[in-house]
>>> print(open('work.txt').read())   # compact mmCIF, C-alpha atoms
# COMPACT_ATOMS: atom_id res chain seq x y z
CA MET A 1 33.65 -14.15 -0.67
CA GLY A 2 33.82 -14.35 -4.47
CA ILE A 3 31.18 -12.68 -6.61
CA MET A 4 29.60 -16.02 -7.67
CA SER A 5 29.43 -17.23 -4.06
CA TYR A 6 27.91 -13.92 -3.05
CA ILE A 7 25.24 -14.16 -5.76
CA ALA A 8 24.53 -17.78 -4.87
CA THR A 9 23.59 -16.79 -1.32
CA PHE A 10 20.64 -14.81 -2.71
CA PHE A 11 19.12 -17.91 -4.26
CA SER A 12 19.35 -20.07 -1.15
CA SER A 13 16.40 -22.33 -0.44
CA PRO A 14 14.67 -22.60 2.92
CA PRO A 15 16.08 -25.40 5.09
CA GLN A 16 14.12 -28.65 4.92
CA ASN A 17 13.42 -28.49 8.64
CA GLN A 18 12.74 -24.77 8.78
CA LYS A 19 11.03 -23.70 11.98
CA PHE A 20 8.58 -20.87 11.52
CA ALA A 21 8.43 -20.41 15.28
CA ASP A 22 11.99 -19.06 15.09
CA ARG A 23 10.80 -16.33 12.74
CA PHE A 24 9.43 -13.08 14.13
CA VAL A 25 7.32 -11.03 11.74
CA LEU A 26 5.81 -7.60 12.28
CA VAL A 27 2.66 -6.61 10.38
CA THR A 28 1.35 -3.04 10.38
CA GLY A 29 -2.28 -2.04 9.85
CA CYS A 30 -3.80 -5.15 11.45
CA ASP A 31 -7.04 -3.46 12.48
CA SER A 32 -8.98 -4.99 9.59
CA GLY A 33 -8.73 -6.16 5.97
CA ILE A 34 -5.48 -7.42 4.51
CA GLY A 35 -3.28 -6.72 7.54
CA ASN A 36 -5.61 -8.55 9.86
CA LEU A 37 -5.74 -11.60 7.57
CA ILE A 38 -1.97 -11.62 6.99
CA ALA A 39 -1.25 -11.59 10.72
CA LYS A 40 -3.67 -14.45 11.36
CA ALA A 41 -2.44 -16.49 8.39
CA LEU A 42 1.20 -16.26 9.44
CA HIS A 43 0.31 -17.08 13.03
CA THR A 44 -1.60 -20.16 11.85
CA ARG A 45 1.54 -21.27 10.00
CA GLY A 46 3.56 -21.09 13.20
CA TYR A 47 5.21 -17.69 13.01
CA HIS A 48 5.67 -15.43 15.99
CA VAL A 49 3.55 -12.45 14.93
CA LEU A 50 3.72 -8.88 16.19
CA ALA A 51 0.48 -7.23 15.03
CA GLY A 52 0.47 -3.43 14.94
CA CYS A 53 -2.98 -1.89 15.47
CA LEU A 54 -3.88 1.76 15.01
CA THR A 55 -7.08 1.64 17.10
CA GLU A 56 -7.68 0.62 20.67
CA ALA A 57 -10.74 -1.37 19.56
CA ALA A 58 -8.72 -3.64 17.23
CA PHE A 59 -6.02 -4.08 19.87
CA LYS A 60 -8.57 -5.16 22.48
CA ASP A 61 -10.31 -7.44 19.98
CA PHE A 62 -7.03 -9.31 19.38
CA LEU A 63 -6.45 -9.61 23.12
CA ALA A 64 -9.95 -10.99 23.66
CA ASN A 65 -10.29 -13.28 20.66
CA HIS A 66 -6.80 -14.16 19.46
CA ALA A 67 -4.72 -14.58 22.59
CA ALA A 68 -1.70 -16.88 22.06
CA PRO A 69 1.89 -17.09 23.32
CA ASN A 70 3.34 -16.33 19.88
CA PHE A 71 0.83 -13.62 18.90
CA HIS A 72 1.54 -10.15 20.23
CA PRO A 73 -0.83 -7.30 19.29
CA PHE A 74 0.26 -3.77 20.17
CA LEU A 75 -0.76 -0.19 19.40
CA LEU A 76 1.13 1.42 16.52
CA ASP A 77 0.69 4.73 14.71
CA ILE A 78 3.23 4.86 11.88
CA SER A 79 2.77 8.63 11.57
CA LYS A 80 4.18 9.28 15.05
CA ASP A 81 7.86 8.88 15.93
CA THR A 82 7.07 8.19 19.60
CA SER A 83 4.83 5.27 18.62
CA ILE A 84 7.47 3.87 16.28
CA GLN A 85 10.16 4.10 18.97
CA GLN A 86 7.87 2.20 21.34
CA CYS A 87 7.42 -0.35 18.55
CA VAL A 88 11.22 -0.75 18.32
CA ARG A 89 11.38 -1.44 22.05
CA THR A 90 8.54 -3.97 21.76
CA VAL A 91 10.34 -5.77 18.93
CA ALA A 92 13.60 -5.86 20.89
CA ASN A 93 11.86 -7.27 23.99
CA GLU A 94 10.04 -9.94 21.99
CA THR A 95 12.73 -11.05 19.54
CA LYS A 96 15.80 -10.70 21.81
CA GLU A 97 18.87 -12.21 20.09
CA LYS A 98 16.85 -13.60 17.15
CA GLY A 99 15.96 -10.24 15.66
CA LEU A 100 13.14 -9.58 13.20
CA PHE A 101 12.78 -11.91 10.22
CA ALA A 102 10.19 -9.90 8.27
CA LEU A 103 8.61 -6.46 8.34
CA ILE A 104 5.31 -6.30 6.47
CA ASN A 105 4.26 -2.71 5.75
CA ASN A 106 0.53 -2.76 5.19
CA SER A 107 -0.81 0.48 6.73
CA GLY A 108 -2.21 2.97 4.24
CA SER A 109 -4.69 5.73 3.54
CA ASN A 110 -6.67 7.06 0.59
CA GLU A 111 -7.56 10.72 1.07
CA GLY A 112 -8.91 13.13 -1.48
CA PHE A 113 -10.70 12.85 -4.79
CA ALA A 114 -10.50 14.82 -8.05
CA PHE A 115 -7.57 17.25 -7.96
CA GLU A 116 -9.55 20.49 -7.60
CA PHE A 117 -11.69 18.93 -4.88
CA THR A 118 -8.68 17.73 -2.88
CA SER A 119 -6.96 19.97 -0.36
CA THR A 120 -3.20 20.12 0.08
CA GLU A 121 -3.76 18.84 3.62
CA GLN A 122 -5.43 15.69 2.25
CA ILE A 123 -2.54 15.14 -0.17
CA GLU A 124 -0.03 15.57 2.67
CA LYS A 125 -1.97 13.15 4.86
CA THR A 126 -1.95 10.51 2.11
CA MET A 127 1.79 10.96 1.51
CA GLU A 128 2.39 10.72 5.26
CA ALA A 129 0.49 7.43 5.60
CA ASN A 130 1.51 5.69 2.37
CA PHE A 131 5.06 6.97 1.90
CA MET A 132 6.64 8.41 5.04
CA GLY A 133 5.05 5.84 7.38
CA PRO A 134 6.61 2.77 5.73
CA ILE A 135 9.94 4.59 5.34
CA ARG A 136 9.96 5.41 9.06
CA MET A 137 9.26 1.78 9.89
CA ILE A 138 12.07 0.50 7.66
CA LYS A 139 14.58 2.97 9.11
CA ALA A 140 13.61 2.10 12.67
CA LEU A 141 13.68 -1.69 12.24
CA LEU A 142 16.72 -2.24 10.03
CA PRO A 143 18.91 -2.91 13.12
CA SER A 144 16.57 -5.72 14.19
CA LEU A 145 16.60 -7.20 10.66
CA ARG A 146 20.40 -7.16 10.71
CA GLN A 147 20.33 -8.85 14.11
CA ASN A 148 18.40 -11.70 12.48
CA ILE A 149 21.26 -12.16 10.01
CA LYS A 150 23.82 -12.35 12.85
CA TYR A 151 21.67 -14.86 14.74
CA ASN A 152 21.28 -16.99 11.61
CA LEU A 153 25.02 -17.11 10.94
CA HIS A 154 25.64 -18.67 14.35
CA LYS A 155 23.57 -21.72 13.38
CA PRO A 156 25.08 -24.82 11.75
CA ALA A 157 25.14 -24.39 7.95
CA LYS A 158 22.41 -26.98 7.35
CA ASN A 159 20.06 -25.17 9.74
CA GLN A 160 20.66 -21.63 8.54
CA ASP A 161 17.49 -19.82 7.53
CA ILE A 162 16.82 -17.70 4.45
CA SER A 163 17.56 -13.97 4.54
CA PRO A 164 15.24 -11.49 6.28
CA ARG A 165 12.95 -9.36 4.18
CA ILE A 166 10.72 -6.30 4.02
CA VAL A 167 7.37 -6.86 2.29
CA ASN A 168 5.38 -3.78 1.30
CA ILE A 169 1.71 -3.74 0.29
CA THR A 170 1.65 -1.01 -2.35
CA SER A 171 -0.72 -0.97 -5.33
CA VAL A 172 -0.83 -1.34 -9.10
CA LEU A 173 -1.29 2.45 -8.91
CA GLY A 174 2.34 2.61 -7.80
CA ARG A 175 3.15 2.06 -11.48
CA THR A 176 0.03 3.32 -13.27
CA THR A 177 -2.54 6.08 -12.76
CA VAL A 178 -6.32 6.44 -12.99
CA PRO A 179 -8.54 9.53 -12.62
CA PHE A 180 -9.49 10.66 -9.09
CA TYR A 181 -6.64 8.70 -7.46
CA GLY A 182 -3.94 11.37 -7.78
CA ALA A 183 -2.81 11.53 -4.14
CA PHE A 184 -3.02 7.77 -3.60
CA SER A 185 -1.13 7.03 -6.82
CA ALA A 186 1.53 9.67 -6.13
CA SER A 187 2.22 8.28 -2.67
CA ASN A 188 2.62 4.75 -4.02
CA HIS A 189 4.84 5.90 -6.90
CA ALA A 190 7.07 7.67 -4.36
CA LEU A 191 7.22 4.61 -2.10
CA GLU A 192 8.07 2.22 -4.93
CA ALA A 193 10.85 4.52 -6.19
CA MET A 194 12.36 4.69 -2.71
CA LEU A 195 12.06 0.93 -2.21
CA ASP A 196 13.84 0.24 -5.49
CA THR A 197 16.70 2.39 -4.21
CA ILE A 198 16.75 0.82 -0.75
CA ARG A 199 16.79 -2.68 -2.27
CA ILE A 200 20.11 -1.97 -3.98
CA GLU A 201 21.61 -0.26 -0.93
CA LEU A 202 20.72 -3.25 1.27
CA LEU A 203 22.32 -5.81 -1.07
CA PRO A 204 25.44 -6.08 1.16
CA TRP A 205 23.20 -7.36 3.98
CA LYS A 206 21.07 -9.55 1.68
CA ILE A 207 17.88 -8.05 3.08
CA HIS A 208 15.18 -8.55 0.46
CA ILE A 209 12.74 -5.78 -0.48
CA THR A 210 9.47 -6.89 -2.05
CA MET A 211 6.38 -5.02 -3.22
CA ILE A 212 2.91 -6.54 -3.48
CA GLU A 213 0.91 -4.68 -6.16
CA PRO A 214 -2.75 -5.70 -6.05
CA GLY A 215 -5.41 -4.28 -8.31
CA SER A 216 -8.68 -3.05 -6.87
CA ILE A 217 -9.50 -4.92 -3.68
CA LYS A 218 -12.37 -4.63 -1.28
CA SER A 219 -11.13 -2.92 1.87
CA ARG A 220 -11.97 0.17 3.90
CA VAL A 221 -9.05 2.02 2.31
CA THR A 222 -9.82 1.17 -1.33
CA HIS A 223 -13.53 0.27 -1.33
CA PRO A 224 -15.61 2.68 0.75
CA ASP A 225 -19.37 2.68 0.21
CA LEU A 226 -21.22 5.47 -1.59
CA VAL A 227 -22.16 7.25 1.65
CA GLU A 228 -18.54 7.23 2.84
CA ILE A 229 -17.34 8.52 -0.54
CA SER A 230 -19.88 11.35 -0.42
CA LYS A 231 -18.85 12.32 3.11
CA ARG A 232 -15.17 12.31 2.10
CA PHE A 233 -15.98 14.33 -1.01
CA PHE A 234 -17.92 17.10 0.67
CA ALA A 235 -15.68 17.18 3.78
CA SER A 236 -12.77 18.53 1.75
CA PRO A 237 -11.94 22.17 2.53
CA SER A 238 -11.33 22.59 -1.21
CA ILE A 239 -15.07 22.20 -1.89
CA THR A 240 -16.26 25.77 -2.35
CA GLU A 241 -19.36 27.29 -3.92
CA GLN A 242 -17.18 28.48 -6.80
CA THR A 243 -15.83 24.96 -7.40
CA LEU A 244 -19.31 23.44 -7.28
CA ASN A 245 -20.62 26.06 -9.73
CA LEU A 246 -17.67 25.39 -12.03
CA TYR A 247 -18.24 21.63 -12.10
CA GLY A 248 -21.99 21.45 -11.46
CA GLU A 249 -24.10 19.14 -9.31
CA GLU A 250 -24.34 16.46 -12.02
CA TYR A 251 -20.54 16.21 -12.20
CA THR A 252 -20.17 15.61 -8.47
CA GLN A 253 -22.83 12.91 -8.43
CA LYS A 254 -21.57 11.17 -11.57
CA ALA A 255 -17.96 11.40 -10.34
CA ILE A 256 -18.86 9.76 -7.01
CA GLU A 257 -20.70 6.95 -8.82
CA PHE A 258 -17.78 6.50 -11.24
CA TRP A 259 -15.31 6.41 -8.35
CA GLN A 260 -17.34 3.71 -6.66
CA ARG A 261 -17.26 1.64 -9.86
CA LEU A 262 -13.48 2.04 -9.96
CA HIS A 263 -13.40 0.77 -6.38
CA SER A 264 -15.37 -2.38 -7.16
CA GLY A 265 -13.32 -5.29 -5.83
CA GLN A 266 -11.53 -7.39 -8.44
CA VAL A 267 -8.93 -9.15 -6.30
CA SER A 268 -9.82 -11.39 -3.36
CA LEU A 269 -8.17 -10.69 -0.04
CA LYS A 270 -7.24 -14.37 0.21
CA GLU A 271 -5.21 -14.13 -3.00
CA VAL A 272 -3.29 -11.11 -1.66
CA VAL A 273 -2.59 -12.97 1.60
CA ARG A 274 -1.39 -16.04 -0.33
CA VAL A 275 1.08 -13.93 -2.30
CA VAL A 276 2.34 -12.23 0.87
CA VAL A 277 2.96 -15.61 2.51
CA GLU A 278 4.84 -16.72 -0.61
CA ALA A 279 7.02 -13.60 -0.50
CA VAL A 280 7.79 -14.28 3.16
CA GLU A 281 8.71 -17.96 2.68
CA VAL A 282 10.55 -18.30 -0.65
CA GLY A 283 14.33 -18.16 -0.67
CA PHE A 284 14.55 -15.38 -3.27
CA PRO A 285 11.36 -13.29 -3.47
CA HIS A 286 10.54 -11.20 -6.55
CA ASP A 287 10.99 -7.47 -6.38
CA ARG A 288 7.29 -7.13 -7.31
CA TYR A 289 4.24 -9.38 -7.25
CA VAL A 290 1.32 -8.11 -9.34
CA VAL A 291 -1.92 -9.55 -7.99
CA GLY A 292 -5.03 -9.86 -10.13
CA THR A 293 -5.76 -10.08 -13.85
CA VAL A 294 -6.98 -6.47 -14.08
CA ALA A 295 -3.77 -5.21 -12.44
CA LYS A 296 -1.62 -7.18 -14.89
CA VAL A 297 -3.57 -5.77 -17.84
CA GLN A 298 -3.23 -2.23 -16.43
CA ILE A 299 0.54 -2.55 -16.26
CA LEU A 300 0.72 -4.09 -19.74
CA VAL A 301 -1.32 -1.20 -21.18
CA HIS A 302 0.72 1.37 -19.27
CA ASN A 303 4.03 -0.09 -20.48
CA PHE A 304 3.20 -0.48 -24.16
CA LEU A 305 0.63 2.14 -25.18
CA PRO A 306 1.64 5.77 -25.78
CA ARG A 307 0.55 8.07 -22.97
CA TRP A 308 -1.68 10.13 -25.27
CA VAL A 309 -3.67 7.02 -26.17
CA ILE A 310 -4.23 6.20 -22.50
CA ASP A 311 -5.23 9.81 -21.77
CA LEU A 312 -7.74 9.87 -24.63
CA ALA A 313 -9.20 6.53 -23.52
CA TRP A 314 -9.75 7.79 -19.98
CA GLY A 315 -11.09 11.11 -21.25
CA SER A 316 -13.56 9.35 -23.52
CA MET A 317 -14.66 7.08 -20.67
CA ILE A 318 -15.35 9.85 -18.17
CA ARG A 319 -17.13 11.86 -20.87
CA LEU A 320 -19.27 8.86 -21.73
CA VAL A 321 -20.42 8.33 -18.14
CA GLY A 322 -21.13 12.04 -17.66
CA VAL A 323 -18.17 13.03 -15.49
CA TRP A 324 -17.64 16.28 -17.38
CA PRO A 325 -17.48 19.76 -15.76
CA LYS A 326 -20.53 21.97 -16.29
CA GLU A 327 -18.54 24.97 -17.54
CA ALA A 328 -16.44 22.85 -19.93
CA ARG A 329 -19.64 21.38 -21.36
CA GLU A 330 -21.13 24.85 -21.80
CA LEU A 331 -17.99 26.13 -23.51
CA GLU A 332 -18.16 23.24 -25.97
CA GLU A 333 -21.80 24.01 -26.69
CA GLY A 334 -21.18 27.77 -26.93
CA THR A 335 -23.59 28.45 -24.07
CA ALA A 336 -21.04 30.02 -21.77
CA ILE A 337 -19.70 32.28 -24.52
CA ALA A 338 -23.20 33.39 -25.48
CA GLU A 339 -24.04 34.20 -21.88
CA SER A 340 -20.78 36.11 -21.33
CA THR A 341 -21.32 38.24 -24.46
CA SER A 342 -24.92 39.02 -23.49
CA MET A 343 -24.01 40.21 -19.99
CA PRO A 344 -24.59 43.94 -19.42
CA ARG A 345 -21.45 46.06 -19.27
>>> encode(input="work.txt", output="structure tokens")
Amino acid sequence: MGIMSYIATFFSSPPQNQKFADRFVLVTGCDSGIGNLIAKALHTRGYHVLAGCLTEAAFKDFLANHAAPNFHPFLLDISKDTSIQQCVRTVANETKEKGLFALINNSGSNEGFAFEFTSTEQIEKTMEANFMGPIRMIKALLPSLRQNIKYNLHKPAKNQDISPRIVNITSVLGRTTVPFYGAFSASNHALEAMLDTIRIELLPWKIHITMIEPGSIKSRVTHPDLVEISKRFFASPSITEQTLNLYGEEYTQKAIEFWQRLHSGQVSLKEVVRVVVEAVEVGFPHDRYVVGTVAKVQILVHNFLPRWVIDLAWGSMIRLVGVWPKEARELEEGTAIAESTSMPR
């Protein structure tokens, strides 16, 4: 195949009589929020959906309220190899010779808080859920995605479908950063870097890799309530009496309130689902879809402003709302120095 013919295959359009029922898609993290809505939206459009659920409750809810021949919920923990291997067997049994048309990585976690209040275990847990989990899923299901290509090539040319794809729900924080989201942002940066590499390596198979980068959305992962934030904050093993004395009670309260404001939903779940469906159905999906006006502004600012300007802006903001450590404030005012010099020797 010549280079121009090869390139042309990437820009193929869906067949006029495309049959979504011939497409098997797997969605992770279907317990609630985006994953749940994506699975239902694709099923409504006629796809055969395999919906991975972490909890028994969500799995049973699907069985009770969403039973259908082409909708298959199953238990899936992307942090466990045994669960992923069972997922591979489930996919093989369901798809048979057709293979998997699309893998939609949606599962994620947001552990931790400000750096000194976040344990290494919380950082590792976030990296495991947001980075290693999707990578495990891609590695395990690539054979099924390749099987879809082989199945498609046996069809008459006019009926051949578009290429299979892997759609990943990441975040605008995969390209930018904000205070108190260090672990979450790091995990998404790592995932996006790996996906950019995988996209190039999978070019010979024409398997598309797409990232959906929403801004702040209202979900259990990104928009917990104030009580949940407080529980997460004080549950960290890194919260010690020394740390609390260093930062002060006012800092912890103001930081929690500020974090909740950062979590305030800006992007509707329906808009994210619409973009995911588009990425699944177009002939040549973008490498990234930024969802939401705030997210687009964040990336614009991040790309064009010097880093020191962004740092000063964030520093001024957190100072303005009172998220400033007690000892740092005392040092600025000279209180801490005065107290240290007056201490008996």
>>> residues_around(input="work.txt", residues="range 88-91 of chain A", least_positions_apart="2", cutoff="10 Å", atoms="only C-alpha atoms", output="PyMOL selection string")
chain A and resi 24-26+50+72+74+82-86+93-96+99-100+137+140-141+143-144
>>> atom_distance(input="work.txt", atom1="CA of Pro179 in chain A", atom2="CA of Thr293 in chain A")
19.8 Å
>>> atom_distance(input="work.txt", atom1="CA of Pro134 in chain A", atom2="CA of Thr210 in chain A")
12.7 Å
>>> closest_residue(input="work.txt", among="A:Leu75, A:Leu195, A:Ile318, A:Ala102", to="Glu257 in chain A", atoms="all atoms listed in the file")
A:Ile318
>>> closest_atom_pairs(input="work.txt", of="range 79-138 of chain A", to="range 51-55 of chain A", cutoff="10 Å", atoms="only C-alpha atoms", output="tab-separated table")
residue	atom	partner	partner_atom	distance
A:Cys87	CA	A:Gly52	CA	8.4
A:Ile104	CA	A:Ala51	CA	9.9
A:Asn105	CA	A:Gly52	CA	10.0
A:Asn106	CA	A:Gly52	CA	9.8
A:Ser107	CA	A:Leu54	CA	8.9
>>> write_last_selection(input="work.txt", atoms="C-alpha atoms", output="compact mmCIF listing (two decimals), in the frame of the given file")
# COMPACT_ATOMS: atom_id res chain seq x y z
CA CYS A 87 7.42 -0.35 18.55
CA ILE A 104 5.31 -6.30 6.47
CA ASN A 105 4.26 -2.71 5.75
CA ASN A 106 0.53 -2.76 5.19
CA SER A 107 -0.81 0.48 6.73
>>> closest_residue(input="work.txt", among="A:Val321, A:Val301, A:Ala295, A:Ala92", to="Ser216 in chain A", atoms="all atoms listed in the file")
A:Ala295
>>> residues_around(input="work.txt", residues="Asn188 in chain A", least_positions_apart="5", cutoff="10 Å", atoms="only C-alpha atoms", output="VMD selection string")
chain A and resid 108 126 to 127 130 to 131 169 to 176 183 193 to 194 213
>>> write_last_selection(input="work.txt", atoms="C-alpha atoms", output="PDB file, keeping the file's coordinate frame")
ATOM      1  CA  GLY A 108      -2.210   2.970   4.240  1.00  0.00           C
ATOM      2  CA  THR A 126      -1.950  10.510   2.110  1.00  0.00           C
ATOM      3  CA  MET A 127       1.790  10.960   1.510  1.00  0.00           C
ATOM      4  CA  ASN A 130       1.510   5.690   2.370  1.00  0.00           C
ATOM      5  CA  PHE A 131       5.060   6.970   1.900  1.00  0.00           C
ATOM      6  CA  ILE A 169       1.710  -3.740   0.290  1.00  0.00           C
ATOM      7  CA  THR A 170       1.650  -1.010  -2.350  1.00  0.00           C
ATOM      8  CA  SER A 171      -0.720  -0.970  -5.330  1.00  0.00           C
ATOM      9  CA  VAL A 172      -0.830  -1.340  -9.100  1.00  0.00           C
ATOM     10  CA  LEU A 173      -1.290   2.450  -8.910  1.00  0.00           C
ATOM     11  CA  GLY A 174       2.340   2.610  -7.800  1.00  0.00           C
ATOM     12  CA  ARG A 175       3.150   2.060 -11.480  1.00  0.00           C
ATOM     13  CA  THR A 176       0.030   3.320 -13.270  1.00  0.00           C
ATOM     14  CA  ALA A 183      -2.810  11.530  -4.140  1.00  0.00           C
ATOM     15  CA  ALA A 193      10.850   4.520  -6.190  1.00  0.00           C
ATOM     16  CA  MET A 194      12.360   4.690  -2.710  1.00  0.00           C
ATOM     17  CA  GLU A 213       0.910  -4.680  -6.160  1.00  0.00           C
TER      18      GLU A 213
END
>>> residues_near_point(input="work.txt", point="(-18.8, 16.5, -10.9)", cutoff="12 Å", atoms="all atoms listed in the file", output="NGL selection string")
:A and (113-117 or 180 or 230 or 233-234 or 239 or 243-259 or 318-319 or 321-329)
>>> residues_around(input="work.txt", residues="Arg146 in chain A", least_positions_apart="5", cutoff="10 Å", atoms="all atoms listed in the file", output="list in words")
Lys98, Gly99, Leu100, Phe101, Leu141, Tyr151, Asn152, Ser163, Pro164, Trp205, Lys206 and Ile207 of chain A
>>> atom_distance(input="work.txt", atom1="CA of Ile34 in chain A", atom2="CA of Pro73 in chain A")
15.5 Å
>>> closest_residue(input="work.txt", among="A:Gly35, A:Trp308, A:Gly29, A:Ala21", to="Asn70 in chain A", atoms="all atoms listed in the file")
A:Ala21
>>> residues_around(input="work.txt", residues="Tyr289 in chain A", least_positions_apart="5", cutoff="12 Å", atoms="all atoms listed in the file", output="PyMOL selection string")
chain A and resi 167-172+209-215+271-279+295-296+299
>>> axis_aligned_box(input="work.txt", around="range 270-288 of chain A", padding_each_side="6 Å", output="lines of an AutoDock Vina configuration file")
center_x = 3.7
center_y = -12.7
center_z = -2.1
size_x = 33.8
size_y = 23.2
size_z = 22.5
